[in-house]
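Report on the following structure.
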Amino acid sequence: MNLNRAIIGPILSILFLVFFVYMISGVNWIFNNSFQAQSNDVLLGSVSNGVQNTVFENPTNTIGDIAVPVVTKKPSVDINAKAAISIENNLQDINKIIFDKNGSTQLPIASLTKLMTAVVVLDNYNLSDTCQVDEIADSKDSMKQDVKLGDKMSVKNFLEIMLIESSNKSAYALSEMIGEENFVKLMNQKAKTIGLKNTFFTDPTGLDSGDVSTAEDLAKLAEYILKNYPEISAVSQTKNLYISGFGNVTNTDELLGEIPEIICSKTGFTTAAKGCLLLVINNPKNNDYYINVILGADDRFSEMKKLFDWSSSACN
């Protein structure tokens with residue numbers, strides 16, 4: 001009996017010791033794998049509005065022997081508009097969406113329509129030709145300083161007044177040179193040529209809520225203008241212009257001067273469309289551009305400023 005106890009005792013002690021070591025190893029394995037899974041979840045970050053807003057700094061920090069990333073979250077931006085988009089674009093091989101809210105939603109675009117009007121004018125008219133305001137053009141909503149019935153100027157002058165002051169009368173006067181119906185047809189043909197799949201025009205001003213597009217399409221139109229129509233960019237960013245025989249013209253974009261990097265600008269507003277704004281902003285840090293579009297905003301300028309501030313911070 002004593003011999004059995006002497007033999008069995010050490011054997012049980014050894015078995016217990018083996019079991020204990022096995023349990024410790026198992027717990028350690030479970031902890032390590034669980035921590036790794038949590039780390040992987042952190043590494044995936046979170047995606048908001050098409051932009052990954054998790055940034056990693058000093059990934060070699062450790063707890064014991066385990067590397068732990070230090071995570072700093074970049075807050076998103078709350079844009080109070082029906083649609084908005086911000087794209088970083090170098091006009092060659094970079095076309096990166098930074099922010100997207102309902103970018104593919106078709107909406108009325110008000111006077112952003114006049115960007116396409118300008119494209120059709122430059123495609124089909126000679127800037128030195130004479131244009132005159134007829135009764136149809138004169139019947140449209142006027143701006144503070146606007147053309148009037150019988151006014152005669154060059155196509156170039158009407159184009160400047162239309163883009164800078166967003167003159168509806170100037171847009172109609174230009175379209176009437178070949179007939180409004182023919183002109184609008186050319187606008188829609190050009191939209192198809194550019195590849196604007198959700199864009200349609202019914203008049204050259206945007207007063208009609210049938211003039212519709214998306215933030216995505218308008219960004220594509222802006223890129224097309226930058227590549228092919230430097231005249232539009234140059235005129236649209238002009239804050240004030242004196243036109244001989246007419247007077248001073250002031251840009252409707254309140255952000256000109258506040259954001260000095262603006263190289264292309266167009267405002268829009270109707271009751272149906274609400275506030276609309278397109279800005280192309282130079283980004284010298286990356287030698288490219290931000291193409292920003294706001295549609296359906298109560299305050300287009302404050303919303304655009306928020307979008308610009310956030311986009312430039314997110315990219316630099």
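Note on naming: chains are A, B, ... as they come in the structure tokens, residues start from 1 per chain, ligands start from 1 in the order shown.
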Quick one: residues within 9 Å of range 276-283 of chain A, only C-alpha atoms counted, chain neighbours fewer than 4 positions away excluded, as a PyMOL selection string? chain A and resi 88+109-112+218-219+222-223+226+233+253+259-270+287-297+299-301+304+308+312
Using DSSP on the backbone coordinates, identify the residues of range 173-287 of chain A assigned to strand (DSSP E); present them as a short mmCIF file (atom, residue, chain, number, x, y, z; two decimals) with N, CA and C atoms, in the first residue's frame.
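Written output follows (out-v4.cif):
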```
data_model
loop_
_atom_site.label_atom_id
_atom_site.label_comp_id
_atom_site.auth_asym_id
_atom_site.auth_seq_id
_atom_site.Cartn_x
_atom_site.Cartn_y
_atom_site.Cartn_z
N VAL A 212 -31.37 69.99 -65.05
CA VAL A 212 -30.97 69.12 -63.93
C VAL A 212 -29.61 68.48 -64.20
N SER A 213 -28.95 68.13 -63.11
CA SER A 213 -27.67 67.44 -63.20
C SER A 213 -27.38 66.81 -61.85
N ASN A 240 -14.44 91.74 -60.13
CA ASN A 240 -15.05 92.97 -60.67
C ASN A 240 -14.49 93.24 -62.06
N LEU A 241 -15.36 93.72 -62.94
CA LEU A 241 -14.93 94.01 -64.31
C LEU A 241 -15.68 95.23 -64.82
N TYR A 242 -14.95 96.14 -65.45
CA TYR A 242 -15.59 97.28 -66.11
C TYR A 242 -15.69 96.99 -67.60
N ILE A 243 -16.91 97.09 -68.15
CA ILE A 243 -17.15 96.85 -69.57
C ILE A 243 -17.54 98.18 -70.21
N GLY A 247 -20.69 99.32 -68.04
CA GLY A 247 -20.44 99.70 -66.65
C GLY A 247 -19.74 98.60 -65.88
N ASN A 248 -19.82 98.67 -64.55
CA ASN A 248 -19.17 97.70 -63.68
C ASN A 248 -20.01 96.44 -63.51
N VAL A 249 -19.31 95.31 -63.48
CA VAL A 249 -19.96 94.02 -63.25
C VAL A 249 -19.30 93.39 -62.03
N THR A 250 -20.10 92.94 -61.07
CA THR A 250 -19.59 92.35 -59.83
C THR A 250 -19.98 90.88 -59.75
N ILE A 262 -9.17 80.22 -55.70
CA ILE A 262 -10.24 79.91 -56.64
C ILE A 262 -9.81 80.23 -58.07
N ILE A 263 -9.99 79.26 -58.97
CA ILE A 263 -9.64 79.49 -60.38
C ILE A 263 -10.85 79.33 -61.31
N CYS A 264 -11.96 78.86 -60.79
CA CYS A 264 -13.20 78.78 -61.58
C CYS A 264 -14.36 78.81 -60.60
N SER A 265 -15.40 79.56 -60.95
CA SER A 265 -16.49 79.76 -60.00
C SER A 265 -17.81 79.97 -60.73
N LYS A 266 -18.88 79.42 -60.17
CA LYS A 266 -20.22 79.74 -60.68
C LYS A 266 -21.24 79.51 -59.59
N THR A 267 -22.09 80.51 -59.41
CA THR A 267 -23.17 80.45 -58.43
C THR A 267 -24.48 80.10 -59.12
N GLY A 268 -25.47 79.71 -58.32
CA GLY A 268 -26.81 79.47 -58.83
C GLY A 268 -27.82 79.52 -57.72
N PHE A 269 -28.99 80.05 -58.03
CA PHE A 269 -30.09 80.03 -57.05
C PHE A 269 -31.43 80.18 -57.76
N THR A 270 -32.36 79.31 -57.41
CA THR A 270 -33.78 79.45 -57.70
C THR A 270 -34.52 78.86 -56.51
N LYS A 274 -32.71 75.92 -54.80
CA LYS A 274 -32.05 76.51 -53.63
C LYS A 274 -30.64 76.96 -54.02
N GLY A 275 -29.76 77.07 -53.06
CA GLY A 275 -28.43 77.59 -53.35
C GLY A 275 -27.50 76.55 -53.95
N CYS A 276 -26.84 76.92 -55.03
CA CYS A 276 -25.89 76.03 -55.71
C CYS A 276 -24.58 76.78 -55.92
N LEU A 277 -23.47 76.05 -55.88
CA LEU A 277 -22.17 76.68 -56.06
C LEU A 277 -21.16 75.65 -56.54
N LEU A 278 -20.39 76.03 -57.56
CA LEU A 278 -19.29 75.21 -58.05
C LEU A 278 -18.01 76.03 -57.94
N LEU A 279 -17.00 75.45 -57.32
CA LEU A 279 -15.70 76.09 -57.20
C LEU A 279 -14.61 75.10 -57.59
N VAL A 280 -13.66 75.60 -58.37
CA VAL A 280 -12.41 74.86 -58.59
C VAL A 280 -11.31 75.64 -57.90
N ILE A 281 -10.59 74.97 -57.02
CA ILE A 281 -9.62 75.64 -56.16
C ILE A 281 -8.24 75.04 -56.38
N ASN A 282 -7.27 75.89 -56.60
CA ASN A 282 -5.90 75.43 -56.79
C ASN A 282 -5.33 74.88 -55.49
N ASN A 283 -4.64 73.75 -55.58
CA ASN A 283 -4.01 73.11 -54.43
C ASN A 283 -2.51 73.03 -54.68
#
```
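For the atom pair formed by CA of Ala314 in chain A and CA of Lys197 in chain A, the distance is 29.0 Å, given to one decimal.
For Val120 in chain A, the list of residues within 8 Å, based on only C-alpha atoms and with local chain neighbours fewer than 6 positions off taken out, reads A:Phe183, A:Leu186, A:Met187, A:Lys190.
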